[in-house]
Structure formats: C-alpha cells, structure tokens
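Colleague: Below is one structure. I have some questions about it.
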Amino acid sequence: MVLNPKDSALKATKKEYSEELSKYSMESAKQTETKKIIVQDMTKRGNGEKRAFTFTSEKFAGNGAFGVVYQTRILETGETVAIKKVFQDKRYKNREFQILKMLDHQNVIQMKYAFITNGDTEDEVYLNVVMDYFPENLYQTIEGYTKKRQFFPNTLAKLYAYQMFRGLAYIKGLGICHRDIKPQNILVNAGTLTLKICDFGSAKQLIEGETNIAYICSRYYRAPELIFGNTNYTTAVDVWSTGCVFAELFLGQPIFPGDSNSDQLLEIIKVLGTPTMEQVRSMNPNMKDFVFPPIKPYSWKKVFKQEMDPLALDLLSKVLAYCPHKRLTPLEALAHPYFDELRTRNFQINGKTPPELFDFTSEELMDQPEFAKKLIPSWYSS
C-alpha cells in the first residue's frame with residue numbers, strides 16, 4: 001500500500017504562486033494612500049456591471065491556498081471587505097474564481113467584486129477578488145478559549161457546526177468538494193453568530209468517473225480514503241474534515257495530529273481502531289493488502305476531558321467513520337437530534353438571536369429533498 005501519495009505538479013504550482021505572492025510584503029500592504037479602481041460587480045444584482053470604488057489602505061489579513069488576503073474599506077459604501085490577490089499563471093486555469101462565481105449562500109463566502117492589477121512586468125497579472133470580511137476564523141476562536149483555559153460552549157459549538165453542515169449541503173448540491181475544510185478556513189462573527197466557509201483555492205467540481213488528486217486537504221483534516229490514495233473520492237471527504245473541526249471545538253486542538261501521512265493514519269486508528277479489510281476497500285477498492293497491528297476502538301467519552309453531550313458524541317461517531325458511504329451526508333447530519341435545540345421557537349444564545357437557520361435552498365436539498373420536513377420546524381415561516 002502507498003501511505004504517502006504525492007503530486008509534484010500541485011506542489012510546484014503552489015511554490016510558484018507563493019514566490020510571486022511574496023512580492024506583496026506586509027510592509028507594502030500598510031500603504032496609506034487610497035486607490036480608485038474600476039471593479040466588476042459579481043453579485044446577482046450587479047450582473048457584471050462595472051463600478052468605480054475607492055479602496056482605503058490595505059492591511060494584511062492572512063494567506064489563502066493560492067493567494068494573499070488583505071482587509072480594506074470601500075469609501076463609497078462604507079463596507080469593510082477582504083481582498084484576495086491571486087497571481088494569474090497563464091499555464092493554469094483559475095478554478096477558484098469559476099467556483100466563486102457559482103456561490104450564493106449565507107454560510108459560504110461570497111464574491112462581491114473583482115478586478116485585475118499588474119505587477120512589475122507585463123507577465124505579472126493579479127486577480128483581486130473582493131469578498132465579505134469577517135473579524136476572525138474558527139482557529140482563532142478556539143485558540144481564544146484555550147488561552148483562557150475555558151471549554152468551548154456546547155450551544156455555540158452546536159450553532160457553528162450546524163452552519164458548517166449547511167454550507168457543505170449547499171456546495172454538495174452544486175457538485176463542489178471543498179477539499180480543505182479546517183478551522184482556518186471557517187470564518188466567524190461572534191457579534192452576529194454567523195459562520196461562512198471560505199478559501200475555495202483547493203475546491204473542485206467532482207465529475208463521476210474522473211480521477212482526482214489524493215494528496216489534498218491539510219493533513220490533520222484529511223479523510224482516510226485520501227491517505228489510502230483513493231483518486232475517486234466523493235464529497236464525503238468534506239464531511240470527515242468537518243467532523244474533525246467539530247471535535248476540535250471541544251478538544252481545543254486537532255483530534256488527529258499526525259506528523260506525516262502514515263502517522264496521520266495511526267492517529268485515526270488510535271481512536272477508531274484498526275479498520276477491517278472491508279472498511280479499507282470501501283476507502284480504496286484497489287487496496288489488496290493492509291497490515292497493521294490490531295487496535296481496539298477508543299471510547300469517544302474518553303477522547304474528551306470534559307463531560308460531553310451524548311448526542312454530540314453520537315454525531316461525531318457518524319461523521320468520523322471509515323467507510324465514506326456510511327458517513328452522514330450534510331443533510332443527514334443537520335437532521336441529527338443534536339441540533340434539535342436549534343429548531344425550538346425563540347432559540348437564543350446569551351440573549352442573541354442566531355442568523356437565519358431554516359431558509360433552505362433548492363441546491364441544499366438537491367440530493368435529499370425529503371429532508372425538508374425534518375429540517376424545517378412546523379412553526380417556521382420564511
């Protein structure tokens with residue numbers, strides 16, 4: 001078996017992008033002048049119309065899969081936005097941009113505007129994507145609770161997990177696999193209790209029968225079928241990653257912190273136990289042998305230091321499952337009893353009303369429309 005599949009083309013691409021993007025140093029991002037730029041309105045209402053906006057000085061906000069992200073403000077609208085600058089290599093198609101044009105959901109980042117800028121030479125062309133700005137990501141939120149030696153509140157974890165699965169249900173309905181779900185790619189606003197999945201730099205629309213790269217997704221959140229080298233995986237890899245993020249909310253650290261691809265598998269086995277040959281073949285049908293010492297599954301109760309909601313543990317056990325086809329789909333996860341509290345009338349967290357939770361779109365319900373009755377409370381009206 002191959003436990004460490006690699007794709008040199010992808011690595012080379014990321015390296016080249018990184019080298020080009022490094023030219024945008026943090027110092028240059030602290031410029032004080034404002035810029036008036038012609039942008040293309042990418043929202044549904046904008047219909048591609050061109051508009052002139054003045055952007056204030058940019059502040060470095062972070063790195064995406066293939067770009068650098070800045071925070072800035074549009075003087076004409078007063079909006080604080082994020083701009084992701086991505087080097088346009090003529091040899092490669094910008095798949096992220098094409099996917100962003102498809103997205104329109106409250107739990108997924110939305111592209112507002114786009115414009116092109118040039119670097120020092122004619123060949124240096126950058127696509128600038130203007131998106132929603134969120135004050136922090138889930139990694140920073142988890143870190144905040146950890147530093148204060150506090151456990152992540154169960155009700156808040158429930159609300160955030162619910163929105164993550166809603167975002168997954170939406171992109172799954174579009175046939176999109178994110179392939180890099182992790183706390184750093186989940187944006188949150190504690191003031192409004194809203195959550196959005198961001199950074200679609202590794203995302204792809206999966207086509208049945210078409211092979212895909214297996215060496216994808218940040219290691220701690222990589223589904224076991226990817227570790228086993230499966231190149232015909234499904235959006236179930238995103239469900240696994242989301243389960244890892246959900247567990248991390250309570251642990252304050254990754255649940256499977258492997259140092260390498262093979263060590264990652266070992267970390268998973270320590271909790272789930274050694275997979276049977278049947279389970280291994282469900283992850284990769286081409287696997288002919290798998291030799292690993294027999295290890296019994298660890299009790300989910302013992303994984304966490306604090307007293308856990310039994311329903312949370314049950315949900316975890318059903319999304320962090322070896323067999324991809326046995327993992328809950330995003331809609332099945334949303335229908336889990338763990339989220340019933342959110343479906344009660346007048347639900348609040350510390351006096352705050354949560355964002356809209358039940359306005360399900362046709363894309364979300366695409367694969368399992370019958371779930372609408374289970375997910376939308378009888379008292380609810382949009």
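For the structure tokens, the naming scheme is as follows: chains receive sequential letters (A, B, ...) according to their order of presentation, residues are indexed from 1 within each chain, and ligands are indexed from 1 in presentation order.
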How close does segment 177-271 of chain A get to segment 63-86 of chain A? List, as a Markdown table, each residue of segment 177-271 of chain A within 12 Å, its nearest atom pair and the distance in Å to one decimal, counting only C-alpha atoms.

Modeller:
```
| residue | atom | partner | partner_atom | distance |
| --- | --- | --- | --- | --- |
| A:His178 | CA | A:Ala65 | CA | 11.5 |
| A:Arg179 | CA | A:Ala65 | CA | 11.0 |
| A:Asp180 | CA | A:Ala65 | CA | 8.9 |
| A:Ile181 | CA | A:Ala65 | CA | 11.5 |
| A:Lys182 | CA | A:Ala65 | CA | 11.9 |
| A:Gln184 | CA | A:Gly64 | CA | 9.3 |
| A:Asn185 | CA | A:Gly64 | CA | 8.4 |
| A:Ile186 | CA | A:Gly64 | CA | 11.8 |
| A:Leu187 | CA | A:Ala82 | CA | 11.8 |
| A:Cys198 | CA | A:Gly64 | CA | 9.1 |
| A:Asp199 | CA | A:Gly64 | CA | 6.0 |
| A:Phe200 | CA | A:Ala65 | CA | 7.8 |
| A:Gly201 | CA | A:Ala65 | CA | 5.1 |
| A:Ser202 | CA | A:Ala65 | CA | 6.7 |
| A:Ala203 | CA | A:Ala65 | CA | 9.9 |
| A:Ile216 | CA | A:Ala65 | CA | 11.2 |
| A:Cys217 | CA | A:Ala65 | CA | 10.2 |
| A:Ser218 | CA | A:Ala65 | CA | 10.4 |
```

Colleague: Kindly save the residues from that selection, with C-alpha atoms included, as a tab-separated table (two decimals), in the first residue's frame.

Modeller:
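Contents of the output file out.tsv:
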```tsv
chain	number	residue	atom	x	y	z
A	178	HIS	CA	-14.05	21.99	-0.87
A	179	ARG	CA	-11.10	19.66	-0.13
A	180	ASP	CA	-9.57	21.87	2.57
A	181	ILE	CA	-12.06	22.27	5.40
A	182	LYS	CA	-10.17	23.31	8.54
A	184	GLN	CA	-8.55	28.48	9.44
A	185	ASN	CA	-10.98	28.27	6.51
A	186	ILE	CA	-14.09	28.82	8.61
A	187	LEU	CA	-14.89	32.48	9.20
A	198	CYS	CA	-14.06	30.31	2.85
A	199	ASP	CA	-10.96	29.72	0.70
A	200	PHE	CA	-12.00	27.63	-2.29
A	201	GLY	CA	-8.46	27.52	-3.64
A	202	SER	CA	-8.38	23.71	-3.42
A	203	ALA	CA	-12.04	23.17	-4.35
A	216	ILE	CA	-5.08	17.14	-0.96
A	217	CYS	CA	-6.51	18.72	2.21
A	218	SER	CA	-4.49	19.83	5.25
```

Colleague: Which residue gives the smallest distance to Val125 of chain A among A:Tyr220, A:Phe228, A:Phe87, A:Phe360, with only C-alpha atoms counted?

Modeller: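 Going through A:Tyr220, A:Phe228, A:Phe87, A:Phe360 one by one, the smallest distance to Val125 of chain A is for A:Phe87.
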
Colleague: As an exercise, work out the distance from atom CA of Lys36 of chain A to atom CA of Asp120 of chain A in Å and give it to one decimal place.

Modeller: 19.4 Å

Colleague: Pick out the closest residue to Thr274 of chain A from this set: A:Leu328, A:Val291, A:Ile227, A:Ala157. Count only C-alpha atoms.

Modeller: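 Smallest distance to Thr274 of chain A is found for A:Val291.
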
Colleague: If you run DSSP over the backbone, which residues in segment 170-342 of chain A end up alpha helix (DSSP H)? Put them as a ChimeraX atom specification.

Modeller: /A:170-173,224-227,236-251,261-272,277-283,300-303,310-319,330-334

Colleague: Have a look at A:Gln40, A:Thr329, A:Thr242, A:Gln98 and name the one nearest to Glu364 of chain A; count only C-alpha atoms.

Modeller: A:Thr329

Colleague: Give me, as a short mmCIF file (atom, residue, chain, number, x, y, z; two decimals) with C-alpha atoms, in the first residue's frame, all polymer residues having an atom no more than 7 Å from segment 304-315 of chain A, counting only C-alpha atoms and skipping those fewer than 6 positions away in the same chain.

Modeller:
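Saved file result.cif follows:
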```cif
data_model
loop_
_atom_site.label_atom_id
_atom_site.label_comp_id
_atom_site.auth_asym_id
_atom_site.auth_seq_id
_atom_site.Cartn_x
_atom_site.Cartn_y
_atom_site.Cartn_z
CA LEU A 251 -10.66 19.49 22.42
CA PRO A 337 -31.12 15.11 17.23
CA TYR A 338 -28.06 17.03 18.47
#
```

Colleague: With only C-alpha atoms as the basis for distance, which of A:Lys288, A:Lys196, A:Arg281, A:Arg166 is at the shortest distance from Pro224 of chain A?

Modeller: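 Of all the options, A:Arg281 lies closest to Pro224 of chain A.
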
Colleague: Near segment 146-152 of chain A, within 10 Å and counting only C-alpha atoms, which residues show up once chain neighbours fewer than 3 positions away are dropped, as a ChimeraX atom specification?

Modeller: /A:140-143,155-157,248-253,305-306
